[in-house]
Structure formats: C-alpha cells, structure tokens
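Okay, so here's the structure we're looking at.
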Amino acid sequence: LADNSIGTAVSNSVLEHVEYLDAVIGEVYLVLKPGGLFMCPVMAKPWESYLFDFAPYRYWMRKKQVHLNLLTRDEWNNKFNKFKLVEEIGDLSLKTCKTIELLHYWSIPNLILYTLTGKWSWNNKYFLPWKKDILDESKLNVAPDKSGAIFYVLRK
C-alpha cells in the first residue's frame with residue numbers, strides 16, 4: 001500500500017503474535033492517512049499472569065497460543081508512541097480470563113468429536129452458564145493495566 005493511502009486499519013488480536021512488531025506498527029503508521037485511525041485489541045501481560053499459577057504451564061500456553069508479545073500496558077503504549085492515543089479500554093478482567101482458560105478445557109469433548117467425525121459441535125446448554133458470566137464480566141470497566149487484553153483506538 002502507498003504511504004498515507006488508507007483511512008482506517010484494524011488488527012484484531014494479531015499484534016501479540018507478530019515477530020517483527022515494531023516494523024508492523026511502523027508500516028501501519030506509514031500507510032494511514034493523516035488523521036487515520038488504527039483500532040487494535042491486543043492481549044496484554046496480565047493475561048499470562050492470570051493463568052493457573054504454574055510456570056511450566058504458563059510457558060506451554062504461551063507457546064501454544066503463539067504469544068510473542070505479551071506486553072504491559074506501558075510497553076504497548078510505548079510501541080504506539082507515534083500515534084495519538086484516542087482511547088484504551090481494558091476488556092478482560094481476572095475472572096473473565098479464568099473463565100476463558102477453563103473454556104479451553106471445557107471444549108475437549110468437541111475436539112474429540114472433531115477428531116472422530118471432522119465436524120465441530122457445541123452443545124449450547126453446556127455453554128449458557130459460561131456465556132452469562134463472560135457477558136456480565138465484559139460489561140465491567142477493567143483498568144487497562146490490570147486487563148488481560150486492551151482495546152486501542154489510535155490516530156495518526
């Protein structure tokens with residue numbers, strides 16, 4: 001893309017997986033028009049600290065989830081220092097992170113079903129209690145520095 005050619009860029013939970021993070025953020029900045037928006041939710045350092053408190057498990061999950069950049073709020077803000085910060089919203093509380101982690105294991109029967117049949121299935125009656133917890137928690141205002149993920153709205 002040409003420099004200053006697009007009005008909005010969206011990265012949906014990608015930057016924590018990117019090997020050349022500074023180069024990617026720099027490229028986004030270059031292609032945005034002056035005043036253009038960059039919207040990007042990112043996983044943050046608290047996500048990993050909210051996992052079960054067992055170092056080998058946390059290391060295994062980081063590798064499994066391919067999280068190369070689990071940064072603190074201050075570190076993310078520093079990465080975005082060329083941009084003007086419009087808004088940052090914390091959106092994963094400790095309880096929500098724990099619920100999401102448990103859902104990884106709650107979904108094992110579906111993985112077995114997929115392995116046997118090639119089809120994914122989700123029985124909603126088993127998911128409903130979790131869904132309510134996640135939706136209720138997502139309405140909370142989580143401090144960005146304590147959140148497992150941060151939603152950024154940035155302007156060039």
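Here, A, B, ... name the chains of the structure tokens in the order displayed, residue numbers run from 1 inside each chain, and ligands are numbered from 1 in the same displayed order.
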
For this session: Determine, counting only C-alpha atoms, which protein, DNA and RNA residues have an atom within 7 Å of an atom of A:Gly36; residues of the same chain fewer than 5 positions away are not included. Present the result as a PyMOL selection string.
Result: chain A and resi 7-8+155-156

Could you write out the selected residues, including N, CA and C atoms, as an mmCIF file, in the first residue's frame?
```cif
data_model
loop_
_atom_site.group_PDB
_atom_site.id
_atom_site.type_symbol
_atom_site.label_atom_id
_atom_site.label_comp_id
_atom_site.auth_asym_id
_atom_site.auth_seq_id
_atom_site.Cartn_x
_atom_site.Cartn_y
_atom_site.Cartn_z
ATOM 1 N N GLY A 7 -7.668 5.174 5.349
ATOM 2 C CA GLY A 7 -8.243 5.957 6.440
ATOM 3 C C GLY A 7 -8.343 5.203 7.754
ATOM 4 N N THR A 8 -8.472 3.878 7.688
ATOM 5 C CA THR A 8 -8.639 3.081 8.903
ATOM 6 C C THR A 8 -7.944 1.740 8.731
ATOM 7 N N ARG A 155 -4.808 7.369 16.598
ATOM 8 C CA ARG A 155 -4.937 8.249 15.448
ATOM 9 C C ARG A 155 -3.542 8.672 14.983
ATOM 10 N N LYS A 156 -3.384 8.694 13.650
ATOM 11 C CA LYS A 156 -2.113 9.166 13.083
ATOM 12 C C LYS A 156 -2.071 10.666 13.149
#
```

Can you build me a table of stretch 8-40 of chain A residues sitting at most 9 Å from stretch 69-83 of chain A, with the closest atom pair per residue and its distance in Å to one decimal, using only C-alpha atoms, sorted by chain and residue number, as a tab-separated table?
```
residue	atom	partner	partner_atom	distance
A:Leu15	CA	A:Asn69	CA	7.3
A:Glu16	CA	A:Asn69	CA	4.4
A:His17	CA	A:Asn69	CA	6.4
A:Val18	CA	A:Asn69	CA	7.3
A:Glu19	CA	A:Asn69	CA	8.2
A:Leu21	CA	A:Asn69	CA	8.0
A:Asp22	CA	A:Lys79	CA	7.0
A:Ile25	CA	A:Phe80	CA	7.4
A:Gly26	CA	A:Lys82	CA	8.4
A:Tyr29	CA	A:Phe83	CA	7.6
A:Phe38	CA	A:Phe83	CA	8.7
```

Serialized selection, N, CA, C and O atoms, as a tab-separated table (two decimals), in the first residue's frame:
```tsv
chain	number	residue	atom	x	y	z
A	15	LEU	N	-1.37	-8.45	16.93
A	15	LEU	CA	-0.04	-7.92	17.23
A	15	LEU	C	0.72	-8.72	18.28
A	15	LEU	O	1.95	-8.75	18.25
A	16	GLU	N	0.02	-9.38	19.17
A	16	GLU	CA	0.72	-10.19	20.17
A	16	GLU	C	1.37	-11.43	19.56
A	16	GLU	O	2.20	-12.08	20.18
A	17	HIS	N	1.04	-11.74	18.30
A	17	HIS	CA	1.58	-12.91	17.61
A	17	HIS	C	2.66	-12.56	16.58
A	17	HIS	O	3.25	-13.46	15.99
A	18	VAL	N	2.93	-11.28	16.36
A	18	VAL	CA	3.78	-10.82	15.26
A	18	VAL	C	5.25	-10.82	15.67
A	18	VAL	O	5.62	-10.26	16.71
A	19	GLU	N	6.07	-11.41	14.82
A	19	GLU	CA	7.50	-11.49	15.11
A	19	GLU	C	8.19	-10.13	15.01
A	19	GLU	O	8.98	-9.77	15.87
A	21	LEU	N	7.28	-6.86	15.42
A	21	LEU	CA	6.24	-5.96	15.92
A	21	LEU	C	6.50	-4.50	15.57
A	21	LEU	O	5.62	-3.82	15.06
A	22	ASP	N	7.70	-4.01	15.82
A	22	ASP	CA	7.99	-2.60	15.54
A	22	ASP	C	7.83	-2.28	14.06
A	22	ASP	O	7.30	-1.23	13.70
A	25	ILE	N	3.98	-2.20	13.19
A	25	ILE	CA	3.34	-0.97	13.68
A	25	ILE	C	3.82	0.22	12.86
A	25	ILE	O	3.02	1.10	12.50
A	26	GLY	N	5.10	0.26	12.53
A	26	GLY	CA	5.63	1.34	11.70
A	26	GLY	C	4.98	1.37	10.33
A	26	GLY	O	4.69	2.44	9.78
A	29	TYR	N	1.49	2.77	10.51
A	29	TYR	CA	1.58	4.22	10.64
A	29	TYR	C	1.83	4.87	9.27
A	29	TYR	O	1.21	5.88	8.93
A	38	PHE	N	-6.26	3.70	13.75
A	38	PHE	CA	-5.78	2.33	13.90
A	38	PHE	C	-6.47	1.77	15.13
A	38	PHE	O	-6.29	2.27	16.24
```

Problem set entry | Residue list (strand (DSSP E or B), DSSP) for stretch 17-116 of chain A, as a PyMOL selection string | chain A and resi 32-44+71+84-90

May I have the residues from that selection written out with all heavy atoms, as a compact mmCIF listing (two decimals), in the first residue's frame?
```txt
# COMPACT_ATOMS: atom_id res chain seq x y z
N LEU A 32 -1.36 4.80 6.88
CA LEU A 32 -2.53 5.58 7.30
C LEU A 32 -2.43 7.02 6.83
O LEU A 32 -1.37 7.63 6.86
CB LEU A 32 -2.65 5.58 8.83
CG LEU A 32 -3.33 4.40 9.48
CD1 LEU A 32 -3.25 4.52 11.00
CD2 LEU A 32 -4.76 4.24 9.03
N LYS A 33 -3.57 7.53 6.40
CA LYS A 33 -3.66 8.95 6.06
C LYS A 33 -3.50 9.77 7.34
O LYS A 33 -3.83 9.29 8.42
CB LYS A 33 -5.02 9.27 5.43
CG LYS A 33 -5.27 8.63 4.10
CD LYS A 33 -6.69 8.96 3.63
CE LYS A 33 -6.97 8.28 2.30
NZ LYS A 33 -8.35 8.50 1.86
N PRO A 34 -3.05 11.01 7.24
CA PRO A 34 -3.05 11.87 8.42
C PRO A 34 -4.46 11.93 9.02
O PRO A 34 -5.44 12.11 8.30
CB PRO A 34 -2.61 13.24 7.89
CG PRO A 34 -1.80 12.89 6.67
CD PRO A 34 -2.47 11.68 6.07
N GLY A 35 -4.55 11.71 10.31
CA GLY A 35 -5.85 11.66 10.98
C GLY A 35 -6.51 10.30 10.93
O GLY A 35 -7.56 10.11 11.53
N GLY A 36 -5.90 9.34 10.21
CA GLY A 36 -6.46 8.00 10.10
C GLY A 36 -6.44 7.26 11.43
O GLY A 36 -5.65 7.56 12.32
N LEU A 37 -7.34 6.30 11.56
CA LEU A 37 -7.48 5.53 12.79
C LEU A 37 -6.87 4.14 12.67
O LEU A 37 -6.99 3.49 11.63
CB LEU A 37 -8.95 5.38 13.18
CG LEU A 37 -9.69 6.63 13.62
CD1 LEU A 37 -11.16 6.31 13.88
CD2 LEU A 37 -9.05 7.23 14.86
N PHE A 38 -6.26 3.70 13.75
CA PHE A 38 -5.78 2.33 13.90
C PHE A 38 -6.47 1.77 15.13
O PHE A 38 -6.29 2.27 16.24
CB PHE A 38 -4.27 2.30 14.05
CG PHE A 38 -3.67 0.92 14.18
CD1 PHE A 38 -4.21 -0.18 13.53
CD2 PHE A 38 -2.53 0.74 14.94
CE1 PHE A 38 -3.64 -1.44 13.64
CE2 PHE A 38 -1.94 -0.52 15.06
CZ PHE A 38 -2.50 -1.60 14.41
N MET A 39 -7.30 0.74 14.94
CA MET A 39 -8.01 0.11 16.04
C MET A 39 -7.47 -1.30 16.21
O MET A 39 -7.42 -2.07 15.25
CB MET A 39 -9.51 0.09 15.74
CG MET A 39 -10.10 1.49 15.71
SD MET A 39 -11.84 1.52 15.31
CE MET A 39 -11.76 1.33 13.54
N CYS A 40 -7.04 -1.59 17.44
CA CYS A 40 -6.41 -2.89 17.64
C CYS A 40 -6.53 -3.38 19.08
O CYS A 40 -5.93 -2.82 19.98
CB CYS A 40 -4.94 -2.84 17.23
SG CYS A 40 -3.97 -1.58 18.05
N PRO A 41 -7.33 -4.43 19.28
CA PRO A 41 -7.26 -5.10 20.57
C PRO A 41 -6.00 -5.96 20.61
O PRO A 41 -5.63 -6.57 19.60
CB PRO A 41 -8.51 -5.97 20.60
CG PRO A 41 -8.92 -6.13 19.19
CD PRO A 41 -8.36 -4.97 18.42
N VAL A 42 -5.33 -5.96 21.76
CA VAL A 42 -4.12 -6.76 21.93
C VAL A 42 -4.19 -7.50 23.26
O VAL A 42 -4.73 -6.99 24.24
CB VAL A 42 -2.84 -5.89 21.89
CG1 VAL A 42 -2.64 -5.28 20.51
CG2 VAL A 42 -2.86 -4.81 22.95
N MET A 43 -3.66 -8.69 23.30
CA MET A 43 -3.50 -9.39 24.57
C MET A 43 -2.37 -8.71 25.32
O MET A 43 -1.41 -8.24 24.71
CB MET A 43 -3.19 -10.86 24.35
CG MET A 43 -4.29 -11.64 23.63
SD MET A 43 -5.90 -11.56 24.42
CE MET A 43 -5.63 -12.55 25.87
N ALA A 44 -2.48 -8.66 26.65
CA ALA A 44 -1.51 -7.96 27.47
C ALA A 44 -0.92 -8.90 28.53
O ALA A 44 -1.43 -10.00 28.77
CB ALA A 44 -2.16 -6.75 28.13
N LEU A 71 2.80 -7.82 26.31
CA LEU A 71 3.40 -6.61 26.86
C LEU A 71 2.50 -6.00 27.92
O LEU A 71 1.27 -6.17 27.90
CB LEU A 71 3.64 -5.60 25.75
CG LEU A 71 4.44 -6.10 24.53
CD1 LEU A 71 4.56 -4.98 23.50
CD2 LEU A 71 5.78 -6.64 24.94
N LYS A 84 -1.41 9.16 18.20
CA LYS A 84 -2.10 9.85 19.28
C LYS A 84 -3.11 8.87 19.86
O LYS A 84 -3.92 8.29 19.13
CB LYS A 84 -2.83 11.09 18.75
CG LYS A 84 -3.62 11.81 19.82
CD LYS A 84 -4.40 12.97 19.26
CE LYS A 84 -5.24 13.57 20.38
NZ LYS A 84 -6.30 14.41 19.87
N LEU A 85 -3.05 8.68 21.17
CA LEU A 85 -3.97 7.77 21.84
C LEU A 85 -5.35 8.42 21.92
O LEU A 85 -5.51 9.47 22.52
CB LEU A 85 -3.46 7.44 23.25
CG LEU A 85 -4.33 6.53 24.08
CD1 LEU A 85 -4.47 5.15 23.44
CD2 LEU A 85 -3.76 6.41 25.49
N VAL A 86 -6.34 7.80 21.27
CA VAL A 86 -7.71 8.28 21.33
C VAL A 86 -8.42 7.62 22.51
O VAL A 86 -9.11 8.28 23.29
CB VAL A 86 -8.47 7.99 20.01
CG1 VAL A 86 -9.94 8.39 20.13
CG2 VAL A 86 -7.79 8.68 18.84
N GLU A 87 -8.24 6.30 22.63
CA GLU A 87 -8.91 5.56 23.70
C GLU A 87 -8.19 4.25 23.94
O GLU A 87 -7.67 3.63 23.02
CB GLU A 87 -10.36 5.31 23.31
CG GLU A 87 -11.22 4.80 24.43
CD GLU A 87 -12.71 4.81 24.08
OE1 GLU A 87 -13.06 5.02 22.91
OE2 GLU A 87 -13.50 4.61 25.00
N GLU A 88 -8.16 3.83 25.19
CA GLU A 88 -7.69 2.48 25.54
C GLU A 88 -8.67 1.91 26.55
O GLU A 88 -9.04 2.58 27.52
CB GLU A 88 -6.26 2.49 26.08
CG GLU A 88 -6.05 3.29 27.31
CD GLU A 88 -4.62 3.27 27.83
OE1 GLU A 88 -3.86 2.35 27.49
OE2 GLU A 88 -4.29 4.18 28.59
N ILE A 89 -9.12 0.72 26.27
CA ILE A 89 -10.16 0.10 27.09
C ILE A 89 -9.68 -1.27 27.53
O ILE A 89 -9.33 -2.12 26.70
CB ILE A 89 -11.46 -0.07 26.27
CG1 ILE A 89 -11.94 1.28 25.73
CG2 ILE A 89 -12.55 -0.75 27.11
CD1 ILE A 89 -12.99 1.16 24.65
N GLY A 90 -9.66 -1.49 28.83
CA GLY A 90 -9.39 -2.83 29.34
C GLY A 90 -10.64 -3.67 29.22
O GLY A 90 -11.72 -3.21 29.59
```

Exercise. Can you list every residue in chain A that DSSP puts in helix (DSSP H, G or I), as a ChimeraX atom specification?
Worked result: /A:15-17,21-31,45-49,55-65,73-79,94-106,108-117,124-138,144-146

Problem set entry | Separation of atom CA of A:Asn12 from atom CA of A:Ala149, in Å and rounded to one decimal |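 Those two atoms sit 11.2 Å apart.
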
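Summary of the local environment: counting only C-alpha atoms, residues at most 10 Å from A:Ala2, other than itself and those fewer than 2 positions away along its chain, are Asn4, Ser5, Ile6, Leu30, Val31, Leu32 and Lys33 of chain A.
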
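Counting only C-alpha atoms and comparing A:Ile150, A:Leu92, A:Val142, A:Val14, the residue that lies closest to A:Leu68 is A:Val14.
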
Problem set entry | Option closest in space to A:Val153, from A:Ser11, A:Leu111, A:Thr99, A:Thr117 [counting only C-alpha atoms] |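 Of A:Ser11, A:Leu111, A:Thr99, A:Thr117, the one nearest A:Val153, counting only C-alpha atoms, is A:Ser11.
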